[in-house]
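Structure data follow from query39.cif (mmCIF, N, CA and C atoms):
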```cif
data_coords
#
loop_
_atom_site.label_atom_id
_atom_site.label_comp_id
_atom_site.auth_asym_id
_atom_site.auth_seq_id
_atom_site.Cartn_x
_atom_site.Cartn_y
_atom_site.Cartn_z
N MET A 1 107.72 57.40 87.30
CA MET A 1 108.86 56.57 86.98
C MET A 1 109.99 57.48 86.52
N LYS A 2 111.17 57.22 87.03
CA LYS A 2 112.33 58.04 86.74
C LYS A 2 113.39 57.19 86.04
N ILE A 3 114.01 57.75 85.01
CA ILE A 3 115.10 57.08 84.30
C ILE A 3 116.40 57.66 84.82
N GLU A 4 117.31 56.78 85.21
CA GLU A 4 118.61 57.23 85.71
C GLU A 4 119.68 56.21 85.37
N PRO A 5 120.95 56.62 85.36
CA PRO A 5 122.02 55.68 85.06
C PRO A 5 122.09 54.55 86.10
N ALA A 6 122.38 53.36 85.61
CA ALA A 6 122.57 52.22 86.52
C ALA A 6 123.97 52.28 87.11
N VAL A 7 124.11 51.72 88.29
CA VAL A 7 125.41 51.58 88.93
C VAL A 7 125.66 50.09 89.18
N PRO A 8 126.93 49.68 89.22
CA PRO A 8 127.24 48.26 89.35
C PRO A 8 126.58 47.56 90.54
N SER A 9 126.33 48.27 91.62
CA SER A 9 125.68 47.63 92.77
C SER A 9 124.24 47.21 92.45
N GLN A 10 123.69 47.68 91.34
CA GLN A 10 122.33 47.32 90.93
C GLN A 10 122.31 46.16 89.93
N PHE A 11 123.46 45.72 89.47
CA PHE A 11 123.51 44.72 88.41
C PHE A 11 122.83 43.41 88.80
N ASP A 12 122.95 42.98 90.04
CA ASP A 12 122.26 41.75 90.44
C ASP A 12 120.75 41.89 90.27
N ARG A 13 120.20 43.04 90.62
CA ARG A 13 118.76 43.28 90.43
C ARG A 13 118.42 43.30 88.94
N LEU A 14 119.30 43.86 88.12
CA LEU A 14 119.04 43.90 86.69
C LEU A 14 119.05 42.49 86.09
N VAL A 15 119.94 41.65 86.57
CA VAL A 15 119.95 40.26 86.10
C VAL A 15 118.65 39.56 86.50
N ALA A 16 118.14 39.85 87.69
CA ALA A 16 116.87 39.26 88.13
C ALA A 16 115.72 39.75 87.24
N ILE A 17 115.73 41.02 86.87
CA ILE A 17 114.72 41.56 85.96
C ILE A 17 114.84 40.89 84.60
N TRP A 18 116.05 40.77 84.11
CA TRP A 18 116.29 40.10 82.84
C TRP A 18 115.70 38.69 82.86
N GLU A 19 116.01 37.95 83.92
CA GLU A 19 115.53 36.57 84.00
C GLU A 19 114.01 36.51 84.07
N SER A 20 113.40 37.40 84.82
CA SER A 20 111.94 37.46 84.91
C SER A 20 111.33 37.74 83.54
N SER A 21 111.90 38.68 82.82
CA SER A 21 111.41 39.04 81.50
C SER A 21 111.62 37.91 80.50
N VAL A 22 112.80 37.33 80.50
CA VAL A 22 113.12 36.25 79.57
C VAL A 22 112.20 35.05 79.80
N ARG A 23 111.96 34.71 81.04
CA ARG A 23 111.08 33.56 81.33
C ARG A 23 109.65 33.83 80.85
N ALA A 24 109.25 35.09 80.80
CA ALA A 24 107.89 35.43 80.36
C ALA A 24 107.76 35.54 78.85
N THR A 25 108.87 35.76 78.15
CA THR A 25 108.79 36.06 76.72
C THR A 25 109.64 35.18 75.81
N HIS A 26 110.71 34.62 76.32
CA HIS A 26 111.66 33.85 75.50
C HIS A 26 111.45 32.35 75.75
N HIS A 27 110.28 31.85 75.37
CA HIS A 27 109.92 30.46 75.67
C HIS A 27 110.80 29.45 74.92
N PHE A 28 111.52 29.89 73.95
CA PHE A 28 112.39 29.02 73.18
C PHE A 28 113.70 28.70 73.91
N LEU A 29 114.02 29.46 74.95
CA LEU A 29 115.26 29.22 75.70
C LEU A 29 115.09 28.08 76.69
N GLN A 30 116.11 27.25 76.79
CA GLN A 30 116.16 26.17 77.77
C GLN A 30 116.81 26.70 79.05
N GLU A 31 116.66 25.96 80.12
CA GLU A 31 117.31 26.34 81.39
C GLU A 31 118.82 26.50 81.20
N SER A 32 119.41 25.63 80.39
CA SER A 32 120.86 25.70 80.16
C SER A 32 121.23 26.99 79.44
N ASP A 33 120.36 27.47 78.53
CA ASP A 33 120.61 28.74 77.83
C ASP A 33 120.59 29.90 78.81
N ILE A 34 119.59 29.91 79.68
CA ILE A 34 119.46 30.99 80.67
C ILE A 34 120.66 30.96 81.61
N ALA A 35 121.04 29.78 82.05
CA ALA A 35 122.19 29.65 82.96
C ALA A 35 123.48 30.12 82.30
N ALA A 36 123.62 29.87 81.00
CA ALA A 36 124.82 30.30 80.27
C ALA A 36 124.84 31.81 80.05
N LEU A 37 123.67 32.40 79.86
CA LEU A 37 123.60 33.84 79.59
C LEU A 37 123.74 34.69 80.86
N ARG A 38 123.29 34.18 81.99
CA ARG A 38 123.30 34.96 83.24
C ARG A 38 124.67 35.55 83.56
N PRO A 39 125.76 34.76 83.59
CA PRO A 39 127.07 35.37 83.90
C PRO A 39 127.57 36.31 82.82
N LEU A 40 127.21 36.05 81.55
CA LEU A 40 127.59 36.97 80.48
C LEU A 40 126.94 38.33 80.70
N LEU A 41 125.67 38.31 81.04
CA LEU A 41 124.95 39.55 81.30
C LEU A 41 125.62 40.34 82.43
N LEU A 42 125.87 39.64 83.53
CA LEU A 42 126.42 40.29 84.72
C LEU A 42 127.85 40.78 84.53
N ASN A 43 128.68 39.97 83.90
CA ASN A 43 130.12 40.26 83.86
C ASN A 43 130.64 40.85 82.55
N ALA A 44 129.90 40.68 81.47
CA ALA A 44 130.39 41.17 80.18
C ALA A 44 129.50 42.25 79.58
N TYR A 45 128.19 42.03 79.57
CA TYR A 45 127.31 42.96 78.87
C TYR A 45 127.03 44.22 79.68
N LEU A 46 126.49 44.07 80.88
CA LEU A 46 126.11 45.25 81.67
C LEU A 46 127.28 46.21 81.93
N PRO A 47 128.47 45.69 82.29
CA PRO A 47 129.57 46.63 82.55
C PRO A 47 130.08 47.38 81.33
N ASN A 48 129.72 46.90 80.14
CA ASN A 48 130.27 47.50 78.92
C ASN A 48 129.26 48.24 78.07
N LEU A 49 128.07 48.45 78.60
CA LEU A 49 127.04 49.20 77.89
C LEU A 49 126.67 50.45 78.66
N ASN A 50 126.03 51.37 77.99
CA ASN A 50 125.44 52.53 78.64
C ASN A 50 124.08 52.06 79.15
N VAL A 51 123.96 51.84 80.46
CA VAL A 51 122.77 51.23 81.04
C VAL A 51 122.01 52.24 81.90
N VAL A 52 120.70 52.30 81.66
CA VAL A 52 119.83 53.14 82.49
C VAL A 52 118.72 52.25 83.05
N ILE A 53 118.17 52.70 84.18
CA ILE A 53 117.10 51.95 84.85
C ILE A 53 115.84 52.80 84.93
N ALA A 54 114.72 52.13 85.05
CA ALA A 54 113.44 52.79 85.32
C ALA A 54 113.10 52.46 86.76
N ARG A 55 113.06 53.51 87.59
CA ARG A 55 112.85 53.34 89.03
C ARG A 55 111.62 54.13 89.45
N ASP A 56 110.81 53.52 90.34
CA ASP A 56 109.62 54.23 90.81
C ASP A 56 109.95 55.10 92.01
N GLU A 57 108.93 55.80 92.53
CA GLU A 57 109.15 56.75 93.63
C GLU A 57 109.60 56.07 94.93
N THR A 58 109.40 54.76 95.05
CA THR A 58 109.87 54.05 96.26
C THR A 58 111.28 53.51 96.08
N GLY A 59 111.83 53.65 94.87
CA GLY A 59 113.19 53.19 94.62
C GLY A 59 113.27 51.83 93.95
N ASP A 60 112.12 51.18 93.73
CA ASP A 60 112.13 49.87 93.08
C ASP A 60 112.45 50.02 91.59
N ILE A 61 113.30 49.15 91.10
CA ILE A 61 113.67 49.14 89.68
C ILE A 61 112.72 48.20 88.95
N HIS A 62 112.11 48.69 87.88
CA HIS A 62 111.13 47.91 87.12
C HIS A 62 111.63 47.45 85.76
N GLY A 63 112.69 48.08 85.26
CA GLY A 63 113.21 47.70 83.96
C GLY A 63 114.53 48.41 83.70
N PHE A 64 115.18 47.97 82.63
CA PHE A 64 116.46 48.61 82.28
C PHE A 64 116.69 48.51 80.78
N LEU A 65 117.62 49.34 80.36
CA LEU A 65 117.97 49.48 78.95
C LEU A 65 119.48 49.55 78.85
N GLY A 66 120.04 48.85 77.86
CA GLY A 66 121.47 48.93 77.58
C GLY A 66 121.68 49.35 76.14
N VAL A 67 122.46 50.39 75.93
CA VAL A 67 122.68 50.96 74.60
C VAL A 67 124.18 51.01 74.31
N ASN A 68 124.52 50.75 73.05
CA ASN A 68 125.88 50.94 72.56
C ASN A 68 125.78 51.74 71.28
N GLU A 69 126.29 52.95 71.30
CA GLU A 69 126.17 53.89 70.19
C GLU A 69 124.69 54.07 69.85
N ASN A 70 124.27 53.76 68.62
CA ASN A 70 122.87 53.98 68.23
C ASN A 70 122.04 52.70 68.32
N ARG A 71 122.57 51.68 68.97
CA ARG A 71 121.92 50.37 69.01
C ARG A 71 121.44 50.02 70.41
N ILE A 72 120.17 49.64 70.49
CA ILE A 72 119.64 49.12 71.74
C ILE A 72 120.10 47.67 71.83
N GLU A 73 120.93 47.39 72.81
CA GLU A 73 121.46 46.04 72.98
C GLU A 73 120.57 45.20 73.88
N MET A 74 119.85 45.85 74.77
CA MET A 74 118.92 45.13 75.64
C MET A 74 117.92 46.10 76.23
N LEU A 75 116.69 45.61 76.36
CA LEU A 75 115.63 46.35 77.02
C LEU A 75 114.74 45.28 77.66
N PHE A 76 114.74 45.28 78.99
CA PHE A 76 114.00 44.26 79.73
C PHE A 76 113.19 44.91 80.83
N VAL A 77 111.97 44.42 80.98
CA VAL A 77 111.06 44.90 82.02
C VAL A 77 110.67 43.70 82.88
N ASP A 78 110.70 43.90 84.20
CA ASP A 78 110.31 42.84 85.12
C ASP A 78 108.92 42.34 84.73
N ASP A 79 108.72 41.03 84.77
CA ASP A 79 107.46 40.46 84.34
C ASP A 79 106.26 41.09 85.05
N ALA A 80 106.40 41.37 86.34
CA ALA A 80 105.30 41.96 87.12
C ALA A 80 104.97 43.38 86.68
N SER A 81 105.89 44.03 85.95
CA SER A 81 105.68 45.42 85.51
C SER A 81 105.39 45.53 84.03
N ARG A 82 105.33 44.42 83.32
CA ARG A 82 105.07 44.46 81.88
C ARG A 82 103.66 44.99 81.62
N GLY A 83 103.52 45.72 80.51
CA GLY A 83 102.22 46.25 80.12
C GLY A 83 101.81 47.52 80.83
N LYS A 84 102.76 48.13 81.55
CA LYS A 84 102.45 49.34 82.33
C LYS A 84 103.20 50.57 81.83
N GLY A 85 103.80 50.47 80.64
CA GLY A 85 104.47 51.63 80.06
C GLY A 85 105.95 51.75 80.36
N VAL A 86 106.51 50.83 81.12
CA VAL A 86 107.93 50.92 81.48
C VAL A 86 108.81 50.76 80.24
N GLY A 87 108.51 49.76 79.41
CA GLY A 87 109.29 49.53 78.21
C GLY A 87 109.21 50.70 77.24
N THR A 88 108.03 51.25 77.10
CA THR A 88 107.85 52.41 76.22
C THR A 88 108.65 53.60 76.73
N LEU A 89 108.63 53.82 78.03
CA LEU A 89 109.40 54.91 78.63
C LEU A 89 110.90 54.72 78.38
N LEU A 90 111.39 53.50 78.57
CA LEU A 90 112.81 53.22 78.33
C LEU A 90 113.16 53.39 76.85
N LEU A 91 112.29 52.91 75.97
CA LEU A 91 112.56 53.04 74.54
C LEU A 91 112.59 54.50 74.13
N ARG A 92 111.64 55.28 74.60
CA ARG A 92 111.61 56.71 74.28
C ARG A 92 112.91 57.38 74.76
N HIS A 93 113.37 57.00 75.95
CA HIS A 93 114.62 57.55 76.49
C HIS A 93 115.79 57.19 75.56
N ALA A 94 115.83 55.94 75.12
CA ALA A 94 116.91 55.50 74.24
C ALA A 94 116.95 56.31 72.95
N ILE A 95 115.78 56.56 72.39
CA ILE A 95 115.69 57.30 71.14
C ILE A 95 116.05 58.77 71.34
N GLU A 96 115.47 59.39 72.38
CA GLU A 96 115.65 60.82 72.60
C GLU A 96 117.02 61.19 73.17
N HIS A 97 117.57 60.36 74.04
CA HIS A 97 118.81 60.72 74.74
C HIS A 97 120.06 60.08 74.16
N PHE A 98 119.90 58.92 73.50
CA PHE A 98 121.06 58.23 72.94
C PHE A 98 121.04 58.17 71.43
N GLY A 99 119.96 58.64 70.81
CA GLY A 99 119.85 58.57 69.35
C GLY A 99 119.72 57.14 68.85
N ALA A 100 119.23 56.25 69.70
CA ALA A 100 119.10 54.84 69.32
C ALA A 100 118.05 54.69 68.23
N ASN A 101 118.42 53.94 67.18
CA ASN A 101 117.47 53.70 66.10
C ASN A 101 117.59 52.29 65.53
N GLU A 102 118.36 51.42 66.20
CA GLU A 102 118.52 50.04 65.74
C GLU A 102 118.39 49.10 66.92
N VAL A 103 117.87 47.89 66.63
CA VAL A 103 117.75 46.86 67.64
C VAL A 103 117.67 45.51 66.94
N ASP A 104 118.21 44.48 67.59
CA ASP A 104 118.03 43.11 67.14
C ASP A 104 117.07 42.44 68.11
N VAL A 105 116.10 41.71 67.58
CA VAL A 105 115.09 41.05 68.41
C VAL A 105 115.03 39.58 68.01
N ASN A 106 114.96 38.71 69.00
CA ASN A 106 114.80 37.29 68.70
C ASN A 106 113.52 37.07 67.91
N GLU A 107 113.62 36.46 66.78
CA GLU A 107 112.46 36.17 65.94
C GLU A 107 111.42 35.33 66.71
N GLN A 108 111.89 34.49 67.61
CA GLN A 108 111.02 33.60 68.37
C GLN A 108 110.38 34.30 69.58
N ASN A 109 110.55 35.61 69.67
CA ASN A 109 109.95 36.41 70.73
C ASN A 109 108.93 37.36 70.08
N PRO A 110 107.75 36.84 69.73
CA PRO A 110 106.77 37.68 69.02
C PRO A 110 106.32 38.90 69.82
N GLN A 111 106.32 38.82 71.14
CA GLN A 111 105.95 39.99 71.94
C GLN A 111 106.97 41.11 71.76
N GLY A 112 108.25 40.76 71.76
CA GLY A 112 109.30 41.75 71.56
C GLY A 112 109.25 42.35 70.17
N VAL A 113 109.06 41.50 69.16
CA VAL A 113 108.97 41.98 67.78
C VAL A 113 107.79 42.94 67.65
N GLY A 114 106.65 42.55 68.22
CA GLY A 114 105.46 43.40 68.16
C GLY A 114 105.64 44.72 68.88
N PHE A 115 106.34 44.67 70.03
CA PHE A 115 106.61 45.89 70.79
C PHE A 115 107.34 46.91 69.93
N TYR A 116 108.41 46.49 69.26
CA TYR A 116 109.19 47.42 68.44
C TYR A 116 108.43 47.84 67.18
N ARG A 117 107.74 46.92 66.55
CA ARG A 117 106.96 47.28 65.35
C ARG A 117 105.91 48.33 65.70
N HIS A 118 105.23 48.14 66.80
CA HIS A 118 104.19 49.07 67.23
C HIS A 118 104.75 50.47 67.47
N ARG A 119 106.02 50.55 67.77
CA ARG A 119 106.66 51.83 68.07
C ARG A 119 107.51 52.35 66.92
N GLY A 120 107.26 51.85 65.71
CA GLY A 120 107.86 52.44 64.52
C GLY A 120 109.10 51.77 63.97
N PHE A 121 109.48 50.62 64.51
CA PHE A 121 110.65 49.92 64.00
C PHE A 121 110.22 48.97 62.89
N GLU A 122 111.08 48.85 61.87
CA GLU A 122 110.82 47.97 60.74
C GLU A 122 111.96 46.98 60.60
N GLN A 123 111.64 45.79 60.13
CA GLN A 123 112.68 44.79 59.90
C GLN A 123 113.49 45.19 58.68
N VAL A 124 114.82 45.19 58.84
CA VAL A 124 115.71 45.53 57.73
C VAL A 124 116.66 44.38 57.41
N GLY A 125 116.59 43.30 58.19
CA GLY A 125 117.46 42.16 57.93
C GLY A 125 117.14 41.03 58.90
N ARG A 126 117.84 39.92 58.70
CA ARG A 126 117.63 38.74 59.55
C ARG A 126 118.91 37.93 59.58
N SER A 127 119.21 37.37 60.74
CA SER A 127 120.35 36.46 60.89
C SER A 127 119.82 35.13 61.43
N GLU A 128 120.38 34.05 60.95
CA GLU A 128 119.98 32.71 61.41
C GLU A 128 120.40 32.44 62.85
N ARG A 129 121.47 33.11 63.30
CA ARG A 129 122.03 32.84 64.62
C ARG A 129 122.13 34.12 65.44
N ASP A 130 122.09 33.94 66.77
CA ASP A 130 122.22 35.10 67.66
C ASP A 130 123.70 35.45 67.84
N GLY A 131 123.97 36.43 68.69
CA GLY A 131 125.32 36.92 68.90
C GLY A 131 126.27 35.91 69.50
N GLN A 132 125.74 34.88 70.15
CA GLN A 132 126.56 33.82 70.73
C GLN A 132 126.72 32.64 69.77
N GLY A 133 126.14 32.75 68.57
CA GLY A 133 126.24 31.69 67.59
C GLY A 133 125.19 30.60 67.74
N ASN A 134 124.21 30.82 68.60
CA ASN A 134 123.14 29.85 68.79
C ASN A 134 122.10 29.98 67.68
N ALA A 135 121.38 28.90 67.42
CA ALA A 135 120.38 28.87 66.35
C ALA A 135 119.08 29.52 66.78
N PHE A 136 119.18 30.78 67.24
CA PHE A 136 118.03 31.59 67.61
C PHE A 136 118.03 32.79 66.67
N PRO A 137 117.24 32.72 65.58
CA PRO A 137 117.28 33.79 64.57
C PRO A 137 116.97 35.17 65.16
N LEU A 138 117.68 36.15 64.63
CA LEU A 138 117.49 37.55 65.03
C LEU A 138 116.89 38.34 63.88
N LEU A 139 115.96 39.21 64.22
CA LEU A 139 115.45 40.19 63.26
C LEU A 139 116.19 41.50 63.53
N HIS A 140 116.77 42.07 62.50
CA HIS A 140 117.45 43.36 62.62
C HIS A 140 116.41 44.41 62.29
N MET A 141 116.18 45.33 63.23
CA MET A 141 115.12 46.33 63.06
C MET A 141 115.72 47.73 63.17
N ARG A 142 115.10 48.65 62.45
CA ARG A 142 115.53 50.06 62.46
C ARG A 142 114.29 50.94 62.59
N LEU A 143 114.44 52.01 63.33
CA LEU A 143 113.36 52.97 63.48
C LEU A 143 113.08 53.64 62.15
N SER A 144 111.83 53.59 61.73
CA SER A 144 111.43 54.19 60.46
C SER A 144 111.52 55.70 60.55
N VAL A 145 112.03 56.32 59.50
CA VAL A 145 112.16 57.79 59.48
C VAL A 145 110.97 58.44 58.79
N SER A 146 110.07 57.64 58.27
CA SER A 146 108.93 58.21 57.55
C SER A 146 107.83 58.66 58.50
#
```
What's the structure tokens form of this structure?
Amino acid sequence: MKIEPAVPSQFDRLVAIWESSVRATHHFLQESDIAALRPLLLNAYLPNLNVVIARDETGDIHGFLGVNENRIEMLFVDDASRGKGVGTLLLRHAIEHFGANEVDVNEQNPQGVGFYRHRGFEQVGRSERDGQGNAFPLLHMRLSVS
């Protein structure tokens, strides 16, 4: 698996990966929530973040990561590729190459919370609402330095 910068022509594939991942892990989201987030991801978030992809030797993209300064803004792995080390590879890249040490995770996504906790992140805060103002609580996590 190779990590490389994403290019805009790949954004449609990244949105498909996002949707696959969200449907597998974000059971609290309604269809209307997913439909509302899809254009934001494509037109606002991906173009404005430092985005890298995890691509296999055949060129297939299995996951992606979006970082802004020291914060992981998104890390999604295609549902068919979950549990195969893609997320860990992307997270390690974020930490080693971007100095990422912060992430917000939906509290209602226990798999995501567990993923970051298992890799050394600790909860340092909580918000009742997500970045869009929806009642989806966020856990603010930071990589432990101990």
Rounded to one decimal, what separation in Å do you get between atom C of Ala36 in chain A and atom C of Glu19 in chain A?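 Those two atoms sit 12.5 Å apart.
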I need the residue set behind the PyMOL selection byres ((chain A and resi 126) around 6) for this file; please write it as a list of chain:residue names.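 That expression, the PyMOL selection byres ((chain A and resi 126) around 6), corresponds here to A:Val124, A:Gly125, A:Ser127, A:Glu128, A:Leu138, A:Leu139, A:His140.
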What is the distance between atom C of Ile95 in chain A and CA of Pro110 in chain A, in Å to one decimal?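 One can read the atom C of Ile95 in chain A to CA of Pro110 in chain A distance as 23.2 Å.
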From the set A:Asp12, A:Asp60, A:Glu96, A:Glu102, which residue has the shortest atom-to-atom contact distance to Pro47 in chain A, counting only C-alpha atoms?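 Checking each of A:Asp12, A:Asp60, A:Glu96, A:Glu102 against Pro47 in chain A, counting only C-alpha atoms, the winner is A:Asp12.
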Residues within 6.5 Å of (109.3, 31.6, 72.2), file coordinates, counting all atoms listed in the file: what are they? Give the list as number ranges by chain. A: 25-29, 108-110
Please return as an NGL selection string: the residues of range 2-89 of chain A that backbone DSSP assigns to alpha helix (DSSP H). :A and (11-25 or 31-40 or 86-89)
For Asp104 in chain A, work out the shell of residues within 12 Å, counting only C-alpha atoms and skipping chain neighbours fewer than 6 positions away, then give it as a ChimeraX atom specification. /A:67,70-75,112-113,116-117,121-127,129-131,136-143
Quick one: which residues end up in the PyMOL selection byres ((chain A and resi 78-80) around 5) for this structure, as a list in words? Ile17, Ser20, Ser21, His62, Gly63, Phe76, Val77, Ser81 and Arg82 of chain A
Which of range 2-139 of chain A fall in strand (DSSP E or B), as a ChimeraX atom specification: /A:2-5,50-55,61-68,71-77,102-106,121-127,138-139
For Gly87 in chain A, which of A:Ala135, A:Leu65, A:Val105, A:Leu46 is the closest residue, counting only C-alpha atoms?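 Comparing A:Ala135, A:Leu65, A:Val105, A:Leu46 against Gly87 in chain A, the winner is A:Leu65.
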Hey, can you pull every residue with an atom no more than 6 Å from (119.2, 57.2, 79.5), using only N, CA and C atoms, and send it as a ChimeraX atom specification? /A:4,52,93-94,97
Residue contacts of Leu40 in chain A (12 Å, only C-alpha atoms) excluding same-chain residues fewer than 4 positions away, as a PDB file with N, CA and C atoms, keeping the file's coordinate frame:
```pdb
ATOM      1  N   PHE A  11     123.460  45.720  89.470  1.00  0.00           N
ATOM      2  CA  PHE A  11     123.510  44.720  88.410  1.00  0.00           C
ATOM      3  C   PHE A  11     122.830  43.410  88.800  1.00  0.00           C
ATOM      4  N   VAL A  15     119.940  41.650  86.570  1.00  0.00           N
ATOM      5  CA  VAL A  15     119.950  40.260  86.100  1.00  0.00           C
ATOM      6  C   VAL A  15     118.650  39.560  86.500  1.00  0.00           C
ATOM      7  N   TRP A  18     116.050  40.770  84.110  1.00  0.00           N
ATOM      8  CA  TRP A  18     116.290  40.100  82.840  1.00  0.00           C
ATOM      9  C   TRP A  18     115.700  38.690  82.860  1.00  0.00           C
ATOM     10  N   ASP A  33     120.360  27.470  78.530  1.00  0.00           N
ATOM     11  CA  ASP A  33     120.610  28.740  77.830  1.00  0.00           C
ATOM     12  C   ASP A  33     120.590  29.900  78.810  1.00  0.00           C
ATOM     13  N   ILE A  34     119.590  29.910  79.680  1.00  0.00           N
ATOM     14  CA  ILE A  34     119.460  30.990  80.670  1.00  0.00           C
ATOM     15  C   ILE A  34     120.660  30.960  81.610  1.00  0.00           C
ATOM     16  N   ALA A  35     121.040  29.780  82.050  1.00  0.00           N
ATOM     17  CA  ALA A  35     122.190  29.650  82.960  1.00  0.00           C
ATOM     18  C   ALA A  35     123.480  30.120  82.300  1.00  0.00           C
ATOM     19  N   ALA A  36     123.620  29.870  81.000  1.00  0.00           N
ATOM     20  CA  ALA A  36     124.820  30.300  80.270  1.00  0.00           C
ATOM     21  C   ALA A  36     124.840  31.810  80.050  1.00  0.00           C
ATOM     22  N   ALA A  44     129.900  40.680  81.470  1.00  0.00           N
ATOM     23  CA  ALA A  44     130.390  41.170  80.180  1.00  0.00           C
ATOM     24  C   ALA A  44     129.500  42.250  79.580  1.00  0.00           C
ATOM     25  N   TYR A  45     128.190  42.030  79.570  1.00  0.00           N
ATOM     26  CA  TYR A  45     127.310  42.960  78.870  1.00  0.00           C
ATOM     27  C   TYR A  45     127.030  44.220  79.680  1.00  0.00           C
ATOM     28  N   LEU A  46     126.490  44.070  80.880  1.00  0.00           N
ATOM     29  CA  LEU A  46     126.110  45.250  81.670  1.00  0.00           C
ATOM     30  C   LEU A  46     127.280  46.210  81.930  1.00  0.00           C
ATOM     31  N   PRO A  47     128.470  45.690  82.290  1.00  0.00           N
ATOM     32  CA  PRO A  47     129.570  46.630  82.550  1.00  0.00           C
ATOM     33  C   PRO A  47     130.080  47.380  81.330  1.00  0.00           C
ATOM     34  N   ASN A  48     129.720  46.900  80.140  1.00  0.00           N
ATOM     35  CA  ASN A  48     130.270  47.500  78.920  1.00  0.00           C
ATOM     36  C   ASN A  48     129.260  48.240  78.070  1.00  0.00           C
ATOM     37  N   GLY A 131     123.970  36.430  68.690  1.00  0.00           N
ATOM     38  CA  GLY A 131     125.320  36.920  68.900  1.00  0.00           C
ATOM     39  C   GLY A 131     126.270  35.910  69.500  1.00  0.00           C
ATOM     40  N   GLN A 132     125.740  34.880  70.150  1.00  0.00           N
ATOM     41  CA  GLN A 132     126.560  33.820  70.730  1.00  0.00           C
ATOM     42  C   GLN A 132     126.720  32.640  69.770  1.00  0.00           C
TER      43      GLN A 132
END
```
How many Å lie between CA of Asn101 in chain A and atom C of Glu69 in chain A, rounded to one decimal?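 Atom C of Glu69 in chain A lies 8.1 Å from CA of Asn101 in chain A.
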Given the choices A:Val7, A:Val103, A:Met1, A:Val145, which gets closest to Asn50 in chain A if the distance is worked out from only C-alpha atoms?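 Of A:Val7, A:Val103, A:Met1, A:Val145, the one nearest Asn50 in chain A, counting only C-alpha atoms, is A:Val7.
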Got a minute to add N, CA, C and O atoms to range 100-111 of chain A and dump it as a PDB file, keeping the file's coordinate frame?
```pdb
ATOM      1  N   ALA A 100     119.230  56.250  69.700  1.00  0.00           N
ATOM      2  CA  ALA A 100     119.100  54.840  69.320  1.00  0.00           C
ATOM      3  C   ALA A 100     118.050  54.690  68.230  1.00  0.00           C
ATOM      4  O   ALA A 100     116.953  55.235  68.326  1.00  0.00           O
ATOM      5  N   ASN A 101     118.420  53.940  67.180  1.00  0.00           N
ATOM      6  CA  ASN A 101     117.470  53.700  66.100  1.00  0.00           C
ATOM      7  C   ASN A 101     117.590  52.290  65.530  1.00  0.00           C
ATOM      8  O   ASN A 101     117.000  51.980  64.500  1.00  0.00           O
ATOM      9  N   GLU A 102     118.360  51.420  66.200  1.00  0.00           N
ATOM     10  CA  GLU A 102     118.520  50.040  65.740  1.00  0.00           C
ATOM     11  C   GLU A 102     118.390  49.100  66.920  1.00  0.00           C
ATOM     12  O   GLU A 102     118.765  49.428  68.050  1.00  0.00           O
ATOM     13  N   VAL A 103     117.870  47.890  66.630  1.00  0.00           N
ATOM     14  CA  VAL A 103     117.750  46.860  67.640  1.00  0.00           C
ATOM     15  C   VAL A 103     117.670  45.510  66.940  1.00  0.00           C
ATOM     16  O   VAL A 103     117.173  45.409  65.825  1.00  0.00           O
ATOM     17  N   ASP A 104     118.210  44.480  67.590  1.00  0.00           N
ATOM     18  CA  ASP A 104     118.030  43.110  67.140  1.00  0.00           C
ATOM     19  C   ASP A 104     117.070  42.440  68.110  1.00  0.00           C
ATOM     20  O   ASP A 104     117.214  42.592  69.331  1.00  0.00           O
ATOM     21  N   VAL A 105     116.100  41.710  67.580  1.00  0.00           N
ATOM     22  CA  VAL A 105     115.090  41.050  68.410  1.00  0.00           C
ATOM     23  C   VAL A 105     115.030  39.580  68.010  1.00  0.00           C
ATOM     24  O   VAL A 105     115.056  39.258  66.817  1.00  0.00           O
ATOM     25  N   ASN A 106     114.960  38.710  69.000  1.00  0.00           N
ATOM     26  CA  ASN A 106     114.800  37.290  68.700  1.00  0.00           C
ATOM     27  C   ASN A 106     113.520  37.070  67.910  1.00  0.00           C
ATOM     28  O   ASN A 106     112.443  37.482  68.354  1.00  0.00           O
ATOM     29  N   GLU A 107     113.620  36.460  66.780  1.00  0.00           N
ATOM     30  CA  GLU A 107     112.460  36.170  65.940  1.00  0.00           C
ATOM     31  C   GLU A 107     111.420  35.330  66.710  1.00  0.00           C
ATOM     32  O   GLU A 107     110.228  35.483  66.506  1.00  0.00           O
ATOM     33  N   GLN A 108     111.890  34.490  67.610  1.00  0.00           N
ATOM     34  CA  GLN A 108     111.020  33.600  68.370  1.00  0.00           C
ATOM     35  C   GLN A 108     110.380  34.300  69.580  1.00  0.00           C
ATOM     36  O   GLN A 108     109.761  33.665  70.410  1.00  0.00           O
ATOM     37  N   ASN A 109     110.550  35.610  69.670  1.00  0.00           N
ATOM     38  CA  ASN A 109     109.950  36.410  70.730  1.00  0.00           C
ATOM     39  C   ASN A 109     108.930  37.360  70.080  1.00  0.00           C
ATOM     40  O   ASN A 109     109.205  38.540  69.873  1.00  0.00           O
ATOM     41  N   PRO A 110     107.750  36.840  69.730  1.00  0.00           N
ATOM     42  CA  PRO A 110     106.770  37.680  69.020  1.00  0.00           C
ATOM     43  C   PRO A 110     106.320  38.900  69.820  1.00  0.00           C
ATOM     44  O   PRO A 110     105.988  39.929  69.234  1.00  0.00           O
ATOM     45  N   GLN A 111     106.320  38.820  71.140  1.00  0.00           N
ATOM     46  CA  GLN A 111     105.950  39.990  71.940  1.00  0.00           C
ATOM     47  C   GLN A 111     106.970  41.110  71.760  1.00  0.00           C
ATOM     48  O   GLN A 111     106.607  42.277  71.622  1.00  0.00           O
TER      49      GLN A 111
END
```
